[in-house]
Amino acid sequence: MKRLILLFMGVSMVLSPALAQENFPVNGAQDKRLNIYAFTNATVVVDYQTTLANATLLVKDGFVEAVGASVAIPKGAIVTDLGGKFIYPSIVDPYTSYGMPEVKRGRRSFMDPPQLDSDRKEAYGWNDAIKADFDGASEFTIDAKTAEKWRKQGFGTVLAFRPDGIVRGSATLVTLSDGPVNEVIVKERAAANYAFDKGSSTQNYPNSIMGYVALLRQTHYDAQWYTSPLNKVQTNVSLEAFNALQSLPQIFETDNKLRLLLADKVGDEFGVQYIIKGSGDEYQRINEVKATQAPLIIPVNYPAAYDVDDPYDALNVSLSQLKHWELAPANAATVAKNGITFAFTASDLKDPADFLPNVRKAIQYGLSEQEALKAITYTPASLLKAADKVGSLKKGMLANFLITSGNLFDEKTSIYENWVQGDKFEVTDMNAPDYAGSYQLNYGGNSFTMEISGKAGSQKAKVKVNDSTSVDAKTTIDGQNISLSFQPDKKKDGNIRLAGWLNGKNFKGDGQVENGDWIKWTATYQSALEEKEKKEDGDSDKAPGLGKIMYPFVAFGNEELPTAKTYLIKGATVWTSEDAGKLESTDVLVQNGKIAQVGKGLSAPAGAVTIDGAGKHLTPGIIDEHTHIALSGVNEGSEAVTSEVRQEDAIDSEDSDIYRQLAGGVVAAQLLHGSANPIGGQSALIKFRWGAAPQDLLIKGADKYIKFALGENVKQSNRPPTSNIRFPQTRMGVEQVMADAFTRAGEYDKEWKAYNGLSAKAKATAVKPRKDLELDALAEILNKQRFVTCHSYVQPEINMMMKVAERFNFRVNTFTHILEGYKVADKMAEHGAGGGTFADWWQYKYEVREAIPYNAALMTMAGVTVAINSDDAEMARRLNQEAAKSIKYADMGEIEAMKMVTINPAKLLHLDSRMGSIKVGKDADLVLWNDHPLSIYAKPEKTMVDGIVYFDIEKDAQMRDAVQDERARIIAKMKSAKASGAATQKPSRQYKHRWDCEDEYLGDIIKASQED
Amino acid sequence: MKKLKYIVAACLLIAGQAKAQVPEPVGPQEKPILLMNGTAHIGNGQVIENSFVTFENGKITNVGDATVVRLDMTKFEVINIAGKHVYPGLILPNTTLGLEDISAVRASIDSEEVGDLNPHVRSLVAYNTDSEVIATLRYNGILLAQSTPQGDLVTGTSSIMMLEGWNWEDAQYKADDAIHLNWPTKTFSPRWWMGETEPRKNPNYQSSIDKLEKFFADAKAYSEGQPAVTNLRLEAMKGLFTGAQKLFVHADRRVEIMEGIQFAKASGATSIVLVGGTDAGNCIDFLKDNNIPVLLTDVHRIPGREDEDYDLAYKLPAILSNAGIKVGLTYETLHGSRNLPFTAGTVAAYGGISKEEALKMITSNTAQILGIDGTTGTLENGKDANIVVSEGDILDMRTSKVTSAFIMGKGIILDGKQQMLYDRFKRKYESQK
């Protein structure tokens, strides 16, 4: 292999006279040449802002020597007259894995035992998803085939990174020259790359978006600790490398707009401004994207039109997919209009040949040519701090440039030559003859019209065999020689094969017809080709008419976000969930998002919208203490303790289920971590402000919560014996996990308290303890700054958990599921724990066989604050009915039942001072029902959050029509795109996974069932 | 989901726990009973506000308007149900009741046999009257259930069981009523845990159909010929061609529904029912033209597609019914099946049909679809005395409180283990006060 490389290098040295490696031995006589090139009379685009007409570009030894209108041409220069042609700096792509080693994705089978530790035996960090040590420059090799492919499309310089891991090490900036490899690296360490993706790691942790973020955070803190005096013995190549990466441009890859926002948020926590590789949907949340101030790298891969000919297939394409098809080409224009710095990348394209056409499409959809040019030259170079080397053509910069027939963004333009570091790579022969025209083709008594068309150098002939049929001829044009092969009659086997030469403006020669007879032929030039009319759709110069963006970007999203108004709801039956109970014929005034007045005969202030509540019921908005909707990840679950992960990092504001919950009268929820491990992750408390971005869904100032879990899931009882390795596997072990975690947290907390208690002066010399995000969250529990919601089923474990808490001097705030809570309700009341339970779920696994529909009532009877919660997207929108089941089974009073889904969950979430009841001063989170709100027949007519109507049954009816209309409009457009030849893709139904507590365990089991 | 059980099974060594107490079966009806002054919901759409219902020897003998008809009350045990509501016993079709207890515990699951051409596998003989789930269904008014084998392709033969009896022989209402065909799916749901969002093609779709075609053709030939060797599988299929048994085709998506039904019709089966029908709203005319009744699963379902109306599943039964298709309701999970009446309530709330129409979907329609309407499904003279009395509207959890229930005239014991546990802990907490 080594010999082969040496051989290859020798060869390439001969082939690349511009580059010389002085210190490398030469086999044979040395071959240094002058390497001076002058390109005269060209339109030189020096950079995205400067174009020189009739200018000269002078190149020497691979660098730009001079550029301008009056450049003296030194002797010995090879001069090329480029009259009428253009010179551009070649394209810089800031996001490729060109020349990088292949990455094998880590996958483990369900039957494999869990892998808790790293696979690597060297002195790296503990987690294989952190590959900070990867050094792109030392792993880079030239891939001549790929380089050629990219050069043909106008690329000259690319950033090469290895897409492996969350921290991906350093990337290197290289040219697409053929080498030698030592001379193509423009910038050895040009960037550090990151992504929410663990790549080849087969370790269990992390296995969720929350885990990815948490590991990245902790790596930052560990890297700080690493260089502190606290680290006395550890050598950690990963952390050392991580620290060294920090001075580079930091590029974060994301796969949708929400992850883009998340990456930026994480960066902000550590003072890092990431350059973010987006996915092309930035326009869907452009205000938030703009607010990140992150420079972007955006792809130009637009979805193909869906094949919507079958109306039922079409049903499988969602409105959001349809609209994205329409709007994706306008993304760049939107990004530019908002003043966001961005570079284009071809990275998400299957074929780089689609790059320029798609950039042109972006221009057609409103991006200016100058912005486009900037995004493919200057901006990528500048983001990588290499604007002094590539991206423009100024003295001293690399001679990386393109010679084109015209404006790069004109689809008729050909790239003739792509020069890389002073080496010429021909793309199409700029001297190729242009034979385009209409000819009269005569052979063996036949006479047809023949057209030669296409760009010079790659022209093709087409023979019109009758008025309605043209057949393509296989065409080879080589200088003045031509050969053609075509089949004039589809029914007749065999081809006409002609070979000939240019004779004046005409061609002539000999050939064979179908039966093998030799004939003579001529093609006589008739006229130039007629300009074809431009197609209506897609190819016109004007930006096409586009639909509106809705927030969130799914059906039933709003084009304009609804706003708070003053509402007077008159004459309704008002369920206060306060001591006042149920008030008949009562008015409620909503102002500034709050409940302003409750009473009879209230008068409407100016500008108030009056809602007739007569015969209707007004209740506080329902609060779901336990849900997993609006999340893109639920279970970290890989380790027994993952208190460092945060559901806040996984909020999916685009989840249609938010709207559906509003249609069920639900206004707020605790988004909980799953139940795959004893100590799970931190909750996110949100309000269902449909249309708002993830961070705006959060309830500001809410107390902090965390999920704990007990029982079968954490013990992994339903897994195969091969995976029964993680501690704990029994209730006994669970107790010890808890005890150990809080013992550690206590010690940690003490350490920090001692440090924080030091005087400023003492602090200056003291060493800061290591920050541990897992223990931070647990210490918060000990300090009563974070509260526990604990998934639980059978009574001994519930009791145990309370005893552990008491031992460490805190309280379990809420037991959730708590299906045997009725057996220890008195103990729960004494401990101070609340219960969030299901009305009647049972028997779906062993530990729930004694779950009874009287649980809520019995716990209430014993003095426990009880909420009915969902853990299920469907049941969540019927929580009022679930509460009513306690009336049915246990004769609970209806006021009390209503409390279980309003004020009680508010209490359990410590939000009862502002939510959960109808009381002056509280948030106007209200539901207007058409019937008794605990009845199966009751439907919400209006659901309000903070005084904003997010669900209105009448508006919903209009939106149903609007969704159909908008679908019809785009489907029609798609059909015409298909008719005019656009590529299509088969519609394939998008399935959304709906999470619940059990997911990690179920997921693995299903996985196994697919594998057997 | 079905395979899931397998895996759990393979992984678990948990044995089923010893059976806790189930309510004791009662003896046959001894005395004629008169239910006086209740609101009778006949189950065919009719309501009698102030009614009387009499039954004797397990059969309904008279139902009428108490304000009009005079009755000699002396021969009856009179139960005054003034202010209450009386209904025909509710029917739960397509369930694993009696075959399965705890869905995550392998040892408690007897609903799915190995193989995919199993018409000879019969739920009847596996139906466990000691299942703890039974009492919880009766408690909400469900008195009959079609216990149905699960699995791939031809899953087995169901039987309609009473939710009362010492053993499966006692409990059978209609043995071997139908063969179940789980029509294969063209695509599999994406493996979300692998990051997939799009479905994958089922590579075996066509070969499964080929297999079914051959099997049904062979079964038909067998039923018409004089086979020298008895083939239990083919023997079990005979009833399909004589009309003695129905063919229940389980399918959810439009194309699969249509192909499944077309197959069933071509197979020579005389009576066909569609079970599942998630996307049945997309082939209404097809179902109507072919006169196929539908047992819809899962009214309480969140939309599967982003663009769907939020209440699509809630109103779908009414949409089909309004189009002239006979609709019954069934319930996806076993442990949740006690909520069957509330799904009918939801249909009334969102589907724009009356409560009585919705009630039919869990009584008379279901009886017709199962082929037991001659003896049950309504409160009509001559029918079996399968009767439920509730304090209020049985379709609404706010008012539904079943106070008594009769299966074949026998007043059954409603309270089960759950009520026993309730009483035990209620006593405990009351004594602490």
# chains A, B, ... in the order shown; residues from 1 in each chain; ligands from 1
call {"tool": "residues_around", "arguments": {"residues": "Ala132 in chain A", "least_positions_apart": "4", "cutoff": "8 Å", "atoms": "only C-alpha atoms", "output": "ChimeraX atom specification"}}
result
/A:167-170,238-239,241-242,245
call {"tool": "residues_around", "arguments": {"residues": "range 836-853 of chain A", "least_positions_apart": "2", "cutoff": "8 Å", "atoms": "only C-alpha atoms", "output": "ChimeraX atom specification"}}
result
/A:625-626,711-712,793-794,814-820,834,855-856,866-870,882-883,885-886,889,905 /B:101-105,335-336,418,421-422
call {"tool": "atom_distance", "arguments": {"atom1": "CA of Glu100 in chain B", "atom2": "CA of Phe188 in chain B"}}
result
25.1 Å
call {"tool": "residues_around", "arguments": {"residues": "range 265-276 of chain B", "least_positions_apart": "6", "cutoff": "10 Å", "atoms": "only C-alpha atoms", "output": "number ranges by chain"}}
result
B: 93-94, 178-182, 212-217, 219-220, 237-253, 257-259, 287, 290-298, 326-332, 369-371
call {"tool": "closest_residue", "arguments": {"among": "B:Ser131, B:Ser147, B:Ser158, B:Thr366", "to": "chain A", "atoms": "only C-alpha atoms"}}
result
B:Ser131
call {"tool": "residues_around", "arguments": {"residues": "Ile658 in chain A", "least_positions_apart": "3", "cutoff": "10 Å", "atoms": "only C-alpha atoms", "output": "list in words"}}
result
Ile629, Ala630, Asp652, Ser653, Glu654, Asp655, Gln661, Leu662, Ala663, Gly664, Val666, Val667, Ala668, Lys687, Phe688, Arg689, Trp690, Gly691, Ala873 and Arg877 of chain A
